[in-house]
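Engineer: Take a look at run.cif, mmCIF, N, CA and C atoms:
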```cif
data_protein
loop_
_atom_site.label_atom_id
_atom_site.label_comp_id
_atom_site.auth_asym_id
_atom_site.auth_seq_id
_atom_site.Cartn_x
_atom_site.Cartn_y
_atom_site.Cartn_z
N MET A 1 80.24 85.70 105.15
CA MET A 1 79.58 86.76 105.90
C MET A 1 79.83 88.10 105.22
N SER A 2 78.85 88.92 105.23
CA SER A 2 78.96 90.24 104.65
C SER A 2 79.73 91.17 105.58
N ALA A 3 80.25 92.26 105.03
CA ALA A 3 80.97 93.24 105.83
C ALA A 3 80.05 93.79 106.91
N ARG A 4 80.61 94.21 108.01
CA ARG A 4 79.83 94.71 109.15
C ARG A 4 79.38 96.15 108.96
N LEU A 5 80.05 96.90 108.10
CA LEU A 5 79.68 98.28 107.80
C LEU A 5 79.81 98.48 106.30
N VAL A 6 78.72 98.84 105.65
CA VAL A 6 78.74 99.04 104.20
C VAL A 6 78.08 100.39 103.91
N PRO A 7 78.87 101.43 103.66
CA PRO A 7 78.27 102.72 103.35
C PRO A 7 77.54 102.70 102.01
N GLU A 8 76.44 103.41 101.97
CA GLU A 8 75.68 103.57 100.73
C GLU A 8 75.76 105.04 100.34
N LEU A 9 76.35 105.30 99.18
CA LEU A 9 76.58 106.66 98.73
C LEU A 9 75.62 107.02 97.61
N CYS A 10 74.90 108.12 97.77
CA CYS A 10 74.05 108.62 96.68
C CYS A 10 74.95 109.31 95.66
N VAL A 11 74.76 108.98 94.40
CA VAL A 11 75.57 109.56 93.33
C VAL A 11 74.67 110.12 92.24
N ARG A 12 75.13 111.17 91.59
CA ARG A 12 74.34 111.81 90.55
C ARG A 12 74.31 110.99 89.26
N ASP A 13 75.43 110.40 88.89
CA ASP A 13 75.54 109.66 87.63
C ASP A 13 76.10 108.28 87.94
N ILE A 14 75.22 107.30 88.08
CA ILE A 14 75.64 105.96 88.50
C ILE A 14 76.61 105.32 87.50
N GLU A 15 76.41 105.53 86.21
CA GLU A 15 77.29 104.93 85.21
C GLU A 15 78.70 105.51 85.29
N ALA A 16 78.80 106.83 85.41
CA ALA A 16 80.12 107.46 85.51
C ALA A 16 80.81 107.06 86.82
N SER A 17 80.03 107.00 87.90
CA SER A 17 80.61 106.59 89.19
C SER A 17 81.09 105.15 89.14
N LEU A 18 80.31 104.26 88.53
CA LEU A 18 80.74 102.87 88.38
C LEU A 18 82.02 102.77 87.57
N ALA A 19 82.12 103.55 86.51
CA ALA A 19 83.34 103.54 85.69
C ALA A 19 84.55 103.97 86.52
N LEU A 20 84.40 104.98 87.36
CA LEU A 20 85.49 105.45 88.20
C LEU A 20 85.85 104.41 89.26
N TYR A 21 84.86 103.92 89.97
CA TYR A 21 85.11 102.97 91.06
C TYR A 21 85.71 101.65 90.55
N THR A 22 85.25 101.17 89.41
CA THR A 22 85.76 99.90 88.90
C THR A 22 87.02 100.10 88.05
N GLY A 23 86.99 101.05 87.14
CA GLY A 23 88.11 101.23 86.21
C GLY A 23 89.34 101.84 86.81
N VAL A 24 89.18 102.78 87.74
CA VAL A 24 90.33 103.48 88.32
C VAL A 24 90.65 102.94 89.72
N PHE A 25 89.65 102.88 90.57
CA PHE A 25 89.91 102.48 91.95
C PHE A 25 90.01 100.97 92.13
N GLY A 26 89.55 100.18 91.17
CA GLY A 26 89.75 98.73 91.21
C GLY A 26 88.67 97.93 91.90
N PHE A 27 87.53 98.53 92.22
CA PHE A 27 86.43 97.79 92.84
C PHE A 27 85.83 96.81 91.83
N ALA A 28 85.29 95.71 92.34
CA ALA A 28 84.54 94.75 91.53
C ALA A 28 83.06 94.90 91.87
N VAL A 29 82.20 94.69 90.90
CA VAL A 29 80.77 94.76 91.12
C VAL A 29 80.31 93.42 91.69
N LEU A 30 79.76 93.44 92.90
CA LEU A 30 79.21 92.22 93.49
C LEU A 30 77.85 91.92 92.87
N TYR A 31 77.02 92.95 92.74
CA TYR A 31 75.76 92.84 92.01
C TYR A 31 75.26 94.25 91.71
N ALA A 32 74.38 94.33 90.72
CA ALA A 32 73.84 95.62 90.31
C ALA A 32 72.41 95.44 89.84
N ARG A 33 71.66 96.49 89.98
CA ARG A 33 70.32 96.57 89.41
C ARG A 33 70.13 98.01 88.99
N ASP A 34 69.03 98.33 88.39
CA ASP A 34 68.82 99.67 87.87
C ASP A 34 69.06 100.74 88.95
N GLY A 35 70.06 101.57 88.72
CA GLY A 35 70.34 102.67 89.63
C GLY A 35 71.07 102.31 90.90
N PHE A 36 71.59 101.10 91.00
CA PHE A 36 72.22 100.64 92.24
C PHE A 36 73.31 99.63 91.93
N ALA A 37 74.39 99.67 92.72
CA ALA A 37 75.43 98.64 92.61
C ALA A 37 76.10 98.47 93.97
N LYS A 38 76.43 97.23 94.28
CA LYS A 38 77.23 96.93 95.47
C LYS A 38 78.61 96.50 94.98
N LEU A 39 79.64 97.14 95.54
CA LEU A 39 81.01 96.95 95.08
C LEU A 39 81.90 96.42 96.20
N SER A 40 83.02 95.81 95.80
CA SER A 40 83.96 95.26 96.77
C SER A 40 85.39 95.47 96.28
N LEU A 41 86.27 95.75 97.24
CA LEU A 41 87.71 95.87 96.96
C LEU A 41 88.45 95.29 98.16
N GLU A 42 89.04 94.11 97.99
CA GLU A 42 89.84 93.46 99.03
C GLU A 42 89.08 93.38 100.36
N GLY A 43 87.80 93.09 100.30
CA GLY A 43 86.99 92.94 101.50
C GLY A 43 86.24 94.18 101.92
N ALA A 44 86.64 95.34 101.42
CA ALA A 44 85.89 96.58 101.70
C ALA A 44 84.70 96.63 100.75
N GLU A 45 83.56 97.04 101.26
CA GLU A 45 82.36 97.11 100.43
C GLU A 45 81.75 98.50 100.49
N VAL A 46 81.13 98.89 99.41
CA VAL A 46 80.43 100.16 99.31
C VAL A 46 79.26 99.98 98.35
N MET A 47 78.19 100.69 98.61
CA MET A 47 77.05 100.66 97.70
C MET A 47 76.91 102.04 97.06
N LEU A 48 76.59 102.05 95.78
CA LEU A 48 76.32 103.30 95.06
C LEU A 48 74.87 103.27 94.62
N GLU A 49 74.17 104.37 94.88
CA GLU A 49 72.77 104.46 94.49
C GLU A 49 72.53 105.77 93.75
N ARG A 50 71.83 105.69 92.63
CA ARG A 50 71.49 106.89 91.87
C ARG A 50 70.66 107.82 92.75
N LEU A 51 71.05 109.08 92.80
CA LEU A 51 70.33 110.09 93.56
C LEU A 51 68.98 110.36 92.89
N THR A 52 67.91 110.23 93.68
CA THR A 52 66.56 110.51 93.18
C THR A 52 65.81 111.33 94.21
N GLU A 53 64.59 111.70 93.88
CA GLU A 53 63.78 112.48 94.82
C GLU A 53 63.37 111.67 96.05
N THR A 54 63.54 110.35 96.00
CA THR A 54 63.20 109.51 97.16
C THR A 54 64.44 109.03 97.93
N SER A 55 65.62 109.53 97.56
CA SER A 55 66.84 109.14 98.28
C SER A 55 66.77 109.62 99.73
N TRP A 56 67.39 108.87 100.61
CA TRP A 56 67.40 109.21 102.03
C TRP A 56 68.43 110.31 102.28
N LEU A 57 67.96 111.54 102.37
CA LEU A 57 68.83 112.69 102.60
C LEU A 57 68.22 113.57 103.68
N LEU A 58 69.06 114.19 104.49
CA LEU A 58 68.58 115.09 105.52
C LEU A 58 68.44 116.52 105.02
N ASP A 59 69.06 116.82 103.90
CA ASP A 59 69.06 118.18 103.38
C ASP A 59 69.12 118.13 101.86
N ALA A 60 69.09 119.29 101.24
CA ALA A 60 69.17 119.37 99.78
C ALA A 60 70.48 118.74 99.29
N PRO A 61 70.43 118.05 98.17
CA PRO A 61 71.64 117.38 97.66
C PRO A 61 72.56 118.34 96.91
N ASP A 62 73.10 119.31 97.63
CA ASP A 62 74.02 120.27 97.03
C ASP A 62 75.43 119.68 96.98
N ALA A 63 76.16 120.02 95.93
CA ALA A 63 77.53 119.54 95.78
C ALA A 63 78.45 120.26 96.76
N PRO A 64 79.47 119.59 97.27
CA PRO A 64 79.73 118.17 97.13
C PRO A 64 78.88 117.36 98.12
N LEU A 65 78.44 116.22 97.68
CA LEU A 65 77.60 115.37 98.54
C LEU A 65 78.37 114.80 99.72
N GLY A 66 79.65 114.59 99.56
CA GLY A 66 80.44 113.93 100.59
C GLY A 66 81.01 114.83 101.66
N ARG A 67 80.45 115.99 101.87
CA ARG A 67 80.99 116.93 102.86
C ARG A 67 81.20 116.24 104.21
N GLY A 68 82.47 116.23 104.63
CA GLY A 68 82.79 115.69 105.94
C GLY A 68 83.00 114.19 105.99
N LEU A 69 82.82 113.50 104.86
CA LEU A 69 82.98 112.05 104.87
C LEU A 69 84.30 111.66 104.24
N ASN A 70 85.05 110.83 104.95
CA ASN A 70 86.35 110.33 104.48
C ASN A 70 86.35 108.83 104.75
N LEU A 71 86.31 108.03 103.69
CA LEU A 71 86.30 106.57 103.86
C LEU A 71 87.71 106.03 103.65
N GLU A 72 88.26 105.39 104.69
CA GLU A 72 89.57 104.77 104.55
C GLU A 72 89.37 103.34 104.07
N ILE A 73 90.07 102.97 103.00
CA ILE A 73 89.95 101.65 102.41
C ILE A 73 91.33 101.01 102.42
N ALA A 74 91.48 99.94 103.19
CA ALA A 74 92.76 99.24 103.27
C ALA A 74 92.97 98.45 101.98
N VAL A 75 94.13 98.63 101.38
CA VAL A 75 94.49 97.90 100.16
C VAL A 75 95.88 97.29 100.36
N SER A 76 96.13 96.20 99.67
CA SER A 76 97.43 95.56 99.80
C SER A 76 98.51 96.34 99.06
N ALA A 77 98.13 97.08 98.01
CA ALA A 77 99.10 97.85 97.24
C ALA A 77 98.42 99.11 96.69
N LEU A 78 99.03 100.25 96.96
CA LEU A 78 98.51 101.53 96.50
C LEU A 78 98.93 101.83 95.05
N ALA A 79 100.06 101.32 94.63
CA ALA A 79 100.62 101.64 93.31
C ALA A 79 99.67 101.38 92.14
N PRO A 80 98.94 100.27 92.08
CA PRO A 80 98.04 100.06 90.95
C PRO A 80 96.95 101.12 90.83
N ILE A 81 96.43 101.56 91.95
CA ILE A 81 95.40 102.61 91.93
C ILE A 81 96.01 103.91 91.42
N LEU A 82 97.19 104.26 91.92
CA LEU A 82 97.85 105.48 91.48
C LEU A 82 98.15 105.44 89.99
N SER A 83 98.57 104.28 89.50
CA SER A 83 98.89 104.12 88.08
C SER A 83 97.65 104.29 87.20
N ARG A 84 96.56 103.65 87.58
CA ARG A 84 95.31 103.77 86.80
C ARG A 84 94.78 105.19 86.84
N ALA A 85 94.87 105.85 88.01
CA ALA A 85 94.41 107.23 88.13
C ALA A 85 95.24 108.15 87.26
N ASP A 86 96.54 107.96 87.27
CA ASP A 86 97.44 108.78 86.44
C ASP A 86 97.14 108.60 84.96
N ALA A 87 96.84 107.38 84.57
CA ALA A 87 96.58 107.08 83.15
C ALA A 87 95.35 107.82 82.61
N VAL A 88 94.41 108.15 83.48
CA VAL A 88 93.20 108.86 83.03
C VAL A 88 93.20 110.31 83.52
N GLY A 89 94.32 110.78 84.06
CA GLY A 89 94.44 112.17 84.48
C GLY A 89 93.71 112.49 85.78
N ARG A 90 93.44 111.49 86.59
CA ARG A 90 92.75 111.70 87.87
C ARG A 90 93.78 112.06 88.93
N VAL A 91 93.75 113.27 89.43
CA VAL A 91 94.73 113.77 90.38
C VAL A 91 94.22 113.55 91.81
N PRO A 92 95.06 113.04 92.70
CA PRO A 92 94.62 112.83 94.07
C PRO A 92 94.31 114.15 94.78
N PHE A 93 93.33 114.11 95.66
CA PHE A 93 93.03 115.24 96.53
C PHE A 93 94.20 115.44 97.50
N LEU A 94 94.75 114.32 97.99
CA LEU A 94 95.94 114.32 98.83
C LEU A 94 96.95 113.41 98.17
N ALA A 95 98.10 113.97 97.82
CA ALA A 95 99.14 113.20 97.13
C ALA A 95 99.60 112.03 98.01
N PRO A 96 100.11 110.98 97.38
CA PRO A 96 100.59 109.83 98.15
C PRO A 96 101.61 110.25 99.20
N GLU A 97 101.49 109.66 100.38
CA GLU A 97 102.42 109.97 101.46
C GLU A 97 102.52 108.76 102.38
N ALA A 98 103.65 108.68 103.07
CA ALA A 98 103.82 107.70 104.14
C ALA A 98 103.57 108.45 105.44
N VAL A 99 102.73 107.88 106.28
CA VAL A 99 102.40 108.53 107.55
C VAL A 99 102.28 107.46 108.63
N TYR A 100 102.67 107.84 109.85
CA TYR A 100 102.58 106.94 111.00
C TYR A 100 101.64 107.57 112.03
N TYR A 101 100.63 106.80 112.44
CA TYR A 101 99.65 107.26 113.41
C TYR A 101 99.91 106.59 114.76
N ARG A 102 99.96 107.41 115.82
CA ARG A 102 100.16 106.85 117.15
C ARG A 102 98.90 106.15 117.60
N THR A 103 99.08 104.92 118.09
CA THR A 103 97.97 104.12 118.61
C THR A 103 98.40 103.61 119.98
N GLY A 104 98.32 104.46 120.97
CA GLY A 104 98.80 104.08 122.29
C GLY A 104 100.31 104.21 122.35
N GLU A 105 100.99 103.09 122.64
CA GLU A 105 102.45 103.10 122.77
C GLU A 105 103.18 102.85 121.45
N HIS A 106 102.45 102.52 120.40
CA HIS A 106 103.06 102.20 119.12
C HIS A 106 102.54 103.12 118.02
N TYR A 107 103.13 102.98 116.85
CA TYR A 107 102.72 103.74 115.68
C TYR A 107 102.38 102.74 114.57
N VAL A 108 101.29 103.01 113.88
CA VAL A 108 100.89 102.20 112.73
C VAL A 108 101.12 103.03 111.49
N GLY A 109 101.89 102.47 110.56
CA GLY A 109 102.24 103.21 109.35
C GLY A 109 101.42 102.78 108.16
N GLN A 110 101.19 103.73 107.27
CA GLN A 110 100.53 103.41 106.00
C GLN A 110 100.97 104.39 104.94
N ARG A 111 100.99 103.91 103.72
CA ARG A 111 101.18 104.76 102.54
C ARG A 111 99.77 105.01 102.04
N GLN A 112 99.42 106.28 101.91
CA GLN A 112 98.04 106.61 101.61
C GLN A 112 97.95 107.70 100.55
N ALA A 113 96.82 107.73 99.89
CA ALA A 113 96.46 108.80 98.96
C ALA A 113 94.95 108.95 99.04
N ILE A 114 94.48 110.18 98.91
CA ILE A 114 93.05 110.44 98.97
C ILE A 114 92.58 110.94 97.61
N PHE A 115 91.48 110.35 97.13
CA PHE A 115 90.84 110.79 95.90
C PHE A 115 89.42 111.24 96.22
N ALA A 116 88.97 112.29 95.56
CA ALA A 116 87.57 112.69 95.63
C ALA A 116 86.87 111.99 94.48
N ASP A 117 85.71 111.38 94.77
CA ASP A 117 84.96 110.78 93.67
C ASP A 117 84.16 111.88 92.97
N LEU A 118 83.31 111.51 92.05
CA LEU A 118 82.60 112.49 91.22
C LEU A 118 81.59 113.32 92.01
N ASP A 119 81.20 112.84 93.21
CA ASP A 119 80.22 113.55 94.01
C ASP A 119 80.80 114.17 95.28
N GLY A 120 82.13 114.12 95.41
CA GLY A 120 82.78 114.75 96.54
C GLY A 120 83.02 113.87 97.74
N TYR A 121 82.77 112.57 97.62
CA TYR A 121 83.12 111.65 98.70
C TYR A 121 84.63 111.43 98.65
N LEU A 122 85.29 111.51 99.79
CA LEU A 122 86.74 111.30 99.83
C LEU A 122 87.05 109.84 100.15
N LEU A 123 87.87 109.24 99.30
CA LEU A 123 88.28 107.85 99.46
C LEU A 123 89.78 107.83 99.76
N ARG A 124 90.13 107.38 100.96
CA ARG A 124 91.54 107.31 101.36
C ARG A 124 92.00 105.86 101.24
N PHE A 125 92.78 105.59 100.22
CA PHE A 125 93.32 104.25 100.00
C PHE A 125 94.61 104.15 100.80
N ALA A 126 94.73 103.10 101.63
CA ALA A 126 95.84 102.98 102.57
C ALA A 126 96.49 101.60 102.48
N GLU A 127 97.76 101.60 102.16
CA GLU A 127 98.57 100.38 102.12
C GLU A 127 99.36 100.29 103.42
N PRO A 128 99.27 99.17 104.15
CA PRO A 128 99.94 99.09 105.45
C PRO A 128 101.47 99.08 105.34
N LEU A 129 102.09 99.78 106.28
CA LEU A 129 103.55 99.80 106.38
C LEU A 129 104.03 99.12 107.65
N GLY A 130 103.10 98.65 108.47
CA GLY A 130 103.47 97.93 109.68
C GLY A 130 103.40 98.79 110.92
N GLU A 131 103.67 98.13 112.03
CA GLU A 131 103.63 98.77 113.34
C GLU A 131 105.04 98.88 113.88
N THR A 132 105.32 99.97 114.59
CA THR A 132 106.66 100.19 115.12
C THR A 132 106.58 101.00 116.40
N ALA A 133 107.62 100.89 117.22
CA ALA A 133 107.70 101.70 118.43
C ALA A 133 108.21 103.10 118.10
N THR A 134 108.99 103.21 117.03
CA THR A 134 109.57 104.49 116.61
C THR A 134 109.42 104.63 115.10
N PRO A 135 108.68 105.63 114.64
CA PRO A 135 108.52 105.82 113.18
C PRO A 135 109.86 106.16 112.52
N PRO A 136 110.02 105.77 111.27
CA PRO A 136 111.25 106.11 110.55
C PRO A 136 111.43 107.64 110.46
N SER A 137 112.67 108.10 110.56
CA SER A 137 112.90 109.53 110.45
C SER A 137 112.52 110.01 109.05
N GLY A 138 112.03 111.22 109.00
CA GLY A 138 111.64 111.79 107.72
C GLY A 138 110.22 111.50 107.30
N THR A 139 109.49 110.70 108.07
CA THR A 139 108.10 110.42 107.73
C THR A 139 107.19 111.30 108.57
N ARG A 140 106.00 111.53 108.06
CA ARG A 140 105.02 112.32 108.81
C ARG A 140 104.46 111.46 109.93
N VAL A 141 104.34 112.06 111.10
CA VAL A 141 103.85 111.35 112.29
C VAL A 141 102.65 112.12 112.84
N VAL A 142 101.58 111.37 113.11
CA VAL A 142 100.40 111.96 113.75
C VAL A 142 100.33 111.38 115.15
N SER A 143 100.56 112.25 116.13
CA SER A 143 100.58 111.79 117.54
C SER A 143 99.27 112.00 118.22
#
```
Could I get this structure in the form of structure tokens?

Structural biologist:
Amino acid sequence: MSARLVPELCVRDIEASLALYTGVFGFAVLYARDGFAKLSLEGAEVMLERLTETSWLLDAPDAPLGRGLNLEIAVSALAPILSRADAVGRVPFLAPEAVYYRTGEHYVGQRQAIFADLDGYLLRFAEPLGETATPPSGTRVVS
């Protein structure tokens, strides 16, 4: 079965975006055709489409295209992404951090880092740290 939600992102340079998503972020190409690719990373899926005059947009495609969009992508390990990004000089928008989010009576922890792609879409890669009644001292907590 396919993922239940698959965002489709318009990108200015499909080849450069594919290189970033596959080479640095670790996505695999599920399939591609001229100006389009569907990608997957540990069950998360995203589609990239070359921006054209017929792209579905509500307004002019001014940079950054991803204004207000933050995609959280669950990964089993954040370290490989950080290592590949560092190797090519790609600096995170938000440096890696451990954070615990309150979800009712418990807290769900994750180690996360946010990267901006070439068009300004924010990708938050999140490695699970587990659920707890009390977050570890010294960690950031969002209540």

Engineer: What separation in Å, quoted to one decimal, exists between atom C of Ala113 (chain A) and atom N of Pro80 (chain A)?

Structural biologist: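 If I compute the distance from atom C of Ala113 (chain A) to atom N of Pro80 (chain A), I get 11.8 Å.
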
Engineer: Using all atoms listed in the file, which of A:Ala37, A:Val141, A:Ala44, A:Leu51 sits nearest Arg12 (chain A)?

Structural biologist: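 Looking at the shortest contact to Arg12 (chain A), the residue is A:Leu51.
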
Engineer: Neighbours of Arg140 (chain A) within 8 Å (all atoms listed in the file; same-chain residues fewer than 5 positions away dropped), as a tab-separated table (two decimals) with N, CA and C atoms, keeping the file's coordinate frame?

Structural biologist:
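File out_35.tsv, as written:
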```
chain	number	residue	atom	x	y	z
A	97	GLU	N	101.49	109.66	100.38
A	97	GLU	CA	102.42	109.97	101.46
A	97	GLU	C	102.52	108.76	102.38
A	98	ALA	N	103.65	108.68	103.07
A	98	ALA	CA	103.82	107.70	104.14
A	98	ALA	C	103.57	108.45	105.44
A	99	VAL	N	102.73	107.88	106.28
A	99	VAL	CA	102.40	108.53	107.55
A	99	VAL	C	102.28	107.46	108.63
A	100	TYR	N	102.67	107.84	109.85
A	100	TYR	CA	102.58	106.94	111.00
A	100	TYR	C	101.64	107.57	112.03
A	101	TYR	N	100.63	106.80	112.44
A	101	TYR	CA	99.65	107.26	113.41
A	101	TYR	C	99.91	106.59	114.76
A	135	PRO	N	108.68	105.63	114.64
A	135	PRO	CA	108.52	105.82	113.18
A	135	PRO	C	109.86	106.16	112.52
```

Engineer: Using the chain letters and numbering of this document, enumerate as a PyMOL selection string the residues selected by the PyMOL selection byres ((chain A and resi 45) around 8).

Structural biologist: chain A and resi 3-8+38-44+46-48+73

Engineer: Any chance you could resolve the PyMOL selection byres (((chain A and resi 90 and name CA) around 12) and name CA) against this file and give the residues as a list in words?

Structural biologist: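 Applying the PyMOL selection byres (((chain A and resi 90 and name CA) around 12) and name CA) to the structure shown produces Leu20, Gly23, Val24, Phe25, Ile81, Leu82, Ser83, Arg84, Ala85, Asp86, Ala87, Val88, Gly89, Val91, Pro92, Phe93, Leu94, Ala95, Ile114, Phe115, Ala116, Asp117 and Leu118 of chain A.
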
Engineer: Store the residues of this selection in a file with N, CA and C atoms, as an mmCIF file, in the frame of the given file.

Structural biologist:
```
data_model
loop_
_atom_site.group_PDB
_atom_site.id
_atom_site.type_symbol
_atom_site.label_atom_id
_atom_site.label_comp_id
_atom_site.auth_asym_id
_atom_site.auth_seq_id
_atom_site.Cartn_x
_atom_site.Cartn_y
_atom_site.Cartn_z
ATOM 1 N N LEU A 20 84.400 104.980 87.360
ATOM 2 C CA LEU A 20 85.490 105.450 88.200
ATOM 3 C C LEU A 20 85.850 104.410 89.260
ATOM 4 N N GLY A 23 86.990 101.050 87.140
ATOM 5 C CA GLY A 23 88.110 101.230 86.210
ATOM 6 C C GLY A 23 89.340 101.840 86.810
ATOM 7 N N VAL A 24 89.180 102.780 87.740
ATOM 8 C CA VAL A 24 90.330 103.480 88.320
ATOM 9 C C VAL A 24 90.650 102.940 89.720
ATOM 10 N N PHE A 25 89.650 102.880 90.570
ATOM 11 C CA PHE A 25 89.910 102.480 91.950
ATOM 12 C C PHE A 25 90.010 100.970 92.130
ATOM 13 N N ILE A 81 96.430 101.560 91.950
ATOM 14 C CA ILE A 81 95.400 102.610 91.930
ATOM 15 C C ILE A 81 96.010 103.910 91.420
ATOM 16 N N LEU A 82 97.190 104.260 91.920
ATOM 17 C CA LEU A 82 97.850 105.480 91.480
ATOM 18 C C LEU A 82 98.150 105.440 89.990
ATOM 19 N N SER A 83 98.570 104.280 89.500
ATOM 20 C CA SER A 83 98.890 104.120 88.080
ATOM 21 C C SER A 83 97.650 104.290 87.200
ATOM 22 N N ARG A 84 96.560 103.650 87.580
ATOM 23 C CA ARG A 84 95.310 103.770 86.800
ATOM 24 C C ARG A 84 94.780 105.190 86.840
ATOM 25 N N ALA A 85 94.870 105.850 88.010
ATOM 26 C CA ALA A 85 94.410 107.230 88.130
ATOM 27 C C ALA A 85 95.240 108.150 87.260
ATOM 28 N N ASP A 86 96.540 107.960 87.270
ATOM 29 C CA ASP A 86 97.440 108.780 86.440
ATOM 30 C C ASP A 86 97.140 108.600 84.960
ATOM 31 N N ALA A 87 96.840 107.380 84.570
ATOM 32 C CA ALA A 87 96.580 107.080 83.150
ATOM 33 C C ALA A 87 95.350 107.820 82.610
ATOM 34 N N VAL A 88 94.410 108.150 83.480
ATOM 35 C CA VAL A 88 93.200 108.860 83.030
ATOM 36 C C VAL A 88 93.200 110.310 83.520
ATOM 37 N N GLY A 89 94.320 110.780 84.060
ATOM 38 C CA GLY A 89 94.440 112.170 84.480
ATOM 39 C C GLY A 89 93.710 112.490 85.780
ATOM 40 N N VAL A 91 93.750 113.270 89.430
ATOM 41 C CA VAL A 91 94.730 113.770 90.380
ATOM 42 C C VAL A 91 94.220 113.550 91.810
ATOM 43 N N PRO A 92 95.060 113.040 92.700
ATOM 44 C CA PRO A 92 94.620 112.830 94.070
ATOM 45 C C PRO A 92 94.310 114.150 94.780
ATOM 46 N N PHE A 93 93.330 114.110 95.660
ATOM 47 C CA PHE A 93 93.030 115.240 96.530
ATOM 48 C C PHE A 93 94.200 115.440 97.500
ATOM 49 N N LEU A 94 94.750 114.320 97.990
ATOM 50 C CA LEU A 94 95.940 114.320 98.830
ATOM 51 C C LEU A 94 96.950 113.410 98.170
ATOM 52 N N ALA A 95 98.100 113.970 97.820
ATOM 53 C CA ALA A 95 99.140 113.200 97.130
ATOM 54 C C ALA A 95 99.600 112.030 98.010
ATOM 55 N N ILE A 114 94.480 110.180 98.910
ATOM 56 C CA ILE A 114 93.050 110.440 98.970
ATOM 57 C C ILE A 114 92.580 110.940 97.610
ATOM 58 N N PHE A 115 91.480 110.350 97.130
ATOM 59 C CA PHE A 115 90.840 110.790 95.900
ATOM 60 C C PHE A 115 89.420 111.240 96.220
ATOM 61 N N ALA A 116 88.970 112.290 95.560
ATOM 62 C CA ALA A 116 87.570 112.690 95.630
ATOM 63 C C ALA A 116 86.870 111.990 94.480
ATOM 64 N N ASP A 117 85.710 111.380 94.770
ATOM 65 C CA ASP A 117 84.960 110.780 93.670
ATOM 66 C C ASP A 117 84.160 111.880 92.970
ATOM 67 N N LEU A 118 83.310 111.510 92.050
ATOM 68 C CA LEU A 118 82.600 112.490 91.220
ATOM 69 C C LEU A 118 81.590 113.320 92.010
#
```

Engineer: Based on DSSP run over this structure's backbone, return all residues of region 6-101 of chain A in strand (DSSP E or B), as a count of residues only.

Structural biologist: 36

Engineer: Please compute the CA of Leu69 (chain A)-CA of Leu123 (chain A) distance, one decimal, in Å.

Structural biologist: 8.7 Å

Engineer: Where does DSSP see alpha helix (DSSP H) in region 59-106 of chain A, if you list the residues as JSON, numbers by chain?

Structural biologist: {"A": [79, 80, 81, 82, 83, 84, 85, 86, 87]}

Engineer: Please expand the PyMOL selection byres ((chain A and resi 124-132) around 6.5) into the concrete residues it hits in this file, giving the result as a list in words.

Structural biologist: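 Applying the PyMOL selection byres ((chain A and resi 124-132) around 6.5) to the structure shown produces Asn70, Leu71, Glu72, Ile73, Ala74, Val75, Ser76, Ala77, Leu78, Glu105, His106, Tyr107, Val108, Gly109, Gln110, Arg111, Gln112, Ala113, Ile114, Phe115, Leu122, Leu123, Ala133, Thr134 and Pro135 of chain A.
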